[in-house]
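**Q** The structure's right below; bear with me while I get my questions together.
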Amino acid sequence: MVNFTQITVKDIAKEVKDNCLLGIPADYSGVPMSVTIEIIKNKTKGLRLYCLPLTTIQGDMLIGSGCVNEIETAAVTLGEYGQAPRFQDAIENSKINIKDSTCPALHAQLQATEKSVPFMPLRGILGSDLYKNRNDWSVIDNPMNNSNTNDEKIVILPAVQLDILIFHASKADINGNVQIGRRRELATLAHASKKVYVTVEEIVDEDFFDSELKAAATLPSLYVNGISLAKNGAWPCGLTDYYDIDTNEMSKYAKAAKYQETFDEYMRDFISQNNYSNI
Amino acid sequence: MTEIFQSEIIISEISNLLKDDKHVAIGAASPIPGSAALLAQEERKNTNRKLQVTILHSQKFNNFTDGSRELFDASAQGRIDTFFLGGVQIDGEANINLVGTGRYPKLDKRFSGSFGSALMYFVVPKIILFREEHTPRTLVKKVDFISAPGISPPNIYRPGGPKYLITNKALFSFNKKKKNFKIEKINPKFTLDAIKKHGSDETIFIDVRDSGDIQKTGTIKDALTIPRGFIEFAADDQTPYFNTKLNKNSEIILVCGAGGQAALSGKTLIEMGYNNVKNVGGIEDWEKNKGPMDK
């Protein structure tokens with residue numbers, strides 16, 4: 001028996017409501033693919049994706065499946081498998097809105113929420129077309145006047161709170177604490193989200209807080225609303241210490257996603273294969 | 001002799017630029033800069049000037065434990081000496097575009113996005129721009145979208161910025177005051193390829209310097225000598241000055257003292273409809289690599 005709310009992948013997907021602001025982890029920090037497929041099956045609409053700081057196949061699949069209305073990101077790419085074709089198509093044909101950003105800004109907006117302050121300053125950015133296209137960003141004179149740059153102009157970014165965050169991790173302990181290793185951006189995302197759901201490879205019969213070393217790599221259960229077991233839950237993305245990215249599947253996806261018709265066909269197959277157990 | 005790959009030459013060139021660094025960071029999907037940094041690290045292994053190399057997205061070479069924001073925080077703190085940035089387009093003032101071509105936001109061709117460039121370009125002292133493809137498509141007059149600007153006014157905090165640009169053809173340095181790039185070195189592989197073509201009927205060599213300069217150094221054997229200021233006339237078959245040896249479909253290879261005049265002449269020829277124009281850079285590199293000379 002576990003001392004936390006254990007739910008199913010389908011339950012988690014149901015928590016993702018139309019038009020919500022959904023937190024998206026990067027390809028290296030636990031992509032919740034099993035839940036993503038359920039979101040697509042639910043035909044969820046109008047999602048606003050907030051990527052920290054980028055997305056790969058997860059974002060591209062959600063966009064290609066018509067679930068997305070807006071994306072705030074520093075990049076969408078399939079990495080060594082090329083550009084993200086459904087994302088490119090959606091931008092080039094104005095099917096979704098984009099808030100083009102830069103990695104540190106995406107972090108800083110969530111860090112403002114972590115601290116419950118209304119905005120966060122960030123250097124850089126000025127003089128870029130990113131700034132010109134962001135009505136929600138602003139520039140101020142450094143009111144502290146404490147830098148070596150005279151009359152310094154600095155950008156301020158609004159605090160952003162996510163409606164919901166979902167990610168995949170290696171382990172949860174008996175009390176619902178989640179091992180995130182050095183992927184501390186998952187903690188930033190969780191701190192800045194109203195609800196947090198996690199899928200894990202395994203649930204282990206111990207308490208991570210019994211070990212100082214393990215505790216340091218843990219997201220405490222106080223930030224987590226529900227956990228589901230999902231073996232291979234990040235597939236075809238990789239999960240550190242568990243499995244590498246599936247290069248065959250990624251190549252297959254990159255090819256299929258080039259056109260909407262072949263993408264739709266790929267998704268029909270993908271869904272019918274039931275790739276994730278314990279759902 | 002084993003064949004030398006172009007990528008190996010570029011890796012070696014980049015590695016030379018990291019000589020005085022303490023900490024080099026490498027972003028995602030950058031195998032050539034990554035190899036260069038590890039080469040530089042290896043070369044200094046037995047010295048007391050160790051080089052720290054951080055390769056993001058690598059378990060072994062990622063020195064950070066505070067999540068993906070730590071790279072940006074550490075850079076802003078001045079703990080990283082060199083970082084690499086690329087771009088769909090790079091322009092003469094070192095503005096970089098990682099977002100796409102055409103009119104934003106719809107764009108004709110969307111690319112991935114700006115990543116961390118809009119901060120890294122400002123705070124890392126030595127940014128090396130790396131773009132293998134050296135064509136008018138990638139090195140443009142003005143980028144379609146500025147992901148990060150090459151230069152900033154004095155009221156912007158900016159200890160960092162562009163120092164070098166490396167393509168498969170050349171190494172450039174960036175001059176912040178003049179707001180332009182200068183050719184430092186042509187990729188020797190490119191010079192060697194051009195030397196191989198010397199003597200072929202399909203390739204025309206042109207030295208674009210004035211006769212005084214050519215007299216001092218000599219020039220490529222059998223090269224045409226057409227000064228830069230005269231090239232518009234010599235290349236225009238509607239003028240009496242047309243040089244009948246020129247032909248819009250031949251391969252034309254230009255040379256000058258350092259590569260700058262040849263680049264400008266090349267631009268003119270391309271605008272006039274010459275299809276296959278290349279720049280071999282300065283005559284010194286040609287001679288050093290044992291290209292045939294007229295002295």
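Just remember, in the structure tokens the first chain shown is A, the second B, etc., residues are 1-based per chain, and ligands are 1-based in the order shown.
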Near A:Ala75, counting only C-alpha atoms, which residues have an atom at most 6 Å away, once you skip same-chain residues fewer than 3 positions from it, shown as number ranges by chain?
**A** A: 54; B: 112-113, 115
**Q** With N, CA and C atoms retained, could you export that selection as a tab-separated table (two decimals), in the first residue's frame?
**A**
chain	number	residue	atom	x	y	z
A	54	LEU	N	11.96	24.02	-24.14
A	54	LEU	CA	11.69	23.63	-25.52
A	54	LEU	C	10.90	22.34	-25.52
B	112	SER	N	13.71	26.24	-35.65
B	112	SER	CA	13.36	25.81	-34.29
B	112	SER	C	13.01	26.95	-33.35
B	113	GLY	N	13.90	27.97	-33.22
B	113	GLY	CA	13.66	29.04	-32.27
B	113	GLY	C	14.98	29.54	-31.70
B	115	PHE	N	16.40	29.56	-28.73
B	115	PHE	CA	17.09	28.91	-27.60
B	115	PHE	C	17.52	29.97	-26.57
**Q** With only C-alpha atoms considered, list every residue of chain A at most 9 Å from chain B, as a count of residues only.
**A** 58
**Q** What's the 7 Å shell around B:Leu139, counting only C-alpha atoms, without same-chain residues fewer than 2 positions away, as a VMD selection string?
**A** chain B and resid 89 to 91 134 to 137
**Q** I'd like to know which residues of stretch 12-246 of chain B are helix (DSSP H, G or I) (by DSSP, run on the backbone); could you write them as a count of residues only?
**A** 57
**Q** Identify, on the basis of only C-alpha atoms, every residue whose closest approach to A:Met33 does not exceed 9 Å; exclude the query and any residue fewer than 4 positions from it along the same chain; express the result as an MDAnalysis selection string.
**A** chainID A and resid 37:38 57:58 167:168 232:237
**Q** Just the number, please: distance in Å from atom CA of B:Thr54 to atom CA of B:Ile14, one decimal.
**A** 15.9 Å
**Q** Quick one: distance from atom CA of B:Ile270 to atom CA of B:Trp286 in Å, one decimal?
**A** 22.8 Å
**Q** Would you work out the distance separating atom CA of A:Ala192 from atom CA of A:Gln111, expressed in Å to one decimal?
**A** 7.4 Å
**Q** Can you pull out the residues contacting A:Ser138? Cut-off 7 Å, using only C-alpha atoms, and skip same-chain residues under 4 positions away; I want them as an MDAnalysis selection string.
**A** chainID A and resid 155:157
**Q** Assign secondary structure with DSSP using the backbone only, and return the residues of stretch 130-177 of chain B in strand (DSSP E or B) as a list in words.
**A**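 In stretch 130-177 of chain B, DSSP puts these residues in strand (DSSP E or B): Phe130, Leu139, Val140, Ala148, Pro162, Lys163, Tyr164, Leu165, Ile166, Ala170, Leu171, Phe172, Ser173, Phe174 and Asn175 of chain B.
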**Q** Would you mind exporting C-alpha atoms of the selected residues as an mmCIF file, in the first residue's frame?
**A**
data_model
loop_
_atom_site.group_PDB
_atom_site.id
_atom_site.type_symbol
_atom_site.label_atom_id
_atom_site.label_comp_id
_atom_site.auth_asym_id
_atom_site.auth_seq_id
_atom_site.Cartn_x
_atom_site.Cartn_y
_atom_site.Cartn_z
ATOM 1 C CA PHE B 130 29.520 28.560 -36.055
ATOM 2 C CA LEU B 139 25.442 34.896 -44.540
ATOM 3 C CA VAL B 140 23.087 37.721 -45.405
ATOM 4 C CA ALA B 148 19.992 38.283 -30.600
ATOM 5 C CA PRO B 162 30.585 37.850 -30.987
ATOM 6 C CA LYS B 163 34.322 37.325 -31.337
ATOM 7 C CA TYR B 164 34.622 34.882 -34.232
ATOM 8 C CA LEU B 165 32.614 33.382 -37.061
ATOM 9 C CA ILE B 166 33.615 30.024 -38.461
ATOM 10 C CA ALA B 170 36.941 30.616 -43.424
ATOM 11 C CA LEU B 171 37.572 31.984 -39.958
ATOM 12 C CA PHE B 172 36.477 35.589 -39.377
ATOM 13 C CA SER B 173 36.995 37.890 -36.427
ATOM 14 C CA PHE B 174 34.368 40.458 -35.446
ATOM 15 C CA ASN B 175 35.316 44.085 -34.916
#
**Q** Using only C-alpha atoms, which residues sit within 9 Å of A:Asn3 once same-chain residues fewer than 2 positions away are excluded, as a PDB file with N, CA and C atoms, in the first residue's frame?
**A**
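Okay, out.pdb is ready:
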ATOM      1  N   MET A   1       0.831  -1.218   0.000  1.00  0.00           N
ATOM      2  CA  MET A   1       0.000   0.000   0.000  1.00  0.00           C
ATOM      3  C   MET A   1       0.864   1.265   0.000  1.00  0.00           C
ATOM      4  N   THR A   5      -2.091   9.449  -3.491  1.00  0.00           N
ATOM      5  CA  THR A   5      -3.155   9.190  -4.453  1.00  0.00           C
ATOM      6  C   THR A   5      -2.569   8.541  -5.699  1.00  0.00           C
ATOM      7  N   GLN A   6      -2.765   7.239  -5.842  1.00  0.00           N
ATOM      8  CA  GLN A   6      -2.304   6.602  -7.072  1.00  0.00           C
ATOM      9  C   GLN A   6      -3.468   6.552  -8.048  1.00  0.00           C
ATOM     10  N   ILE A 174       7.221   5.470  -1.363  1.00  0.00           N
ATOM     11  CA  ILE A 174       5.977   5.007  -0.755  1.00  0.00           C
ATOM     12  C   ILE A 174       5.088   6.172  -0.300  1.00  0.00           C
ATOM     13  N   ASN A 175       5.710   7.329  -0.086  1.00  0.00           N
ATOM     14  CA  ASN A 175       4.951   8.495   0.377  1.00  0.00           C
ATOM     15  C   ASN A 175       4.684   9.522  -0.726  1.00  0.00           C
ATOM     16  N   GLY A 176       4.936   9.135  -1.982  1.00  0.00           N
ATOM     17  CA  GLY A 176       4.599  10.030  -3.089  1.00  0.00           C
ATOM     18  C   GLY A 176       5.636  11.103  -3.368  1.00  0.00           C
TER      19      GLY A 176
END
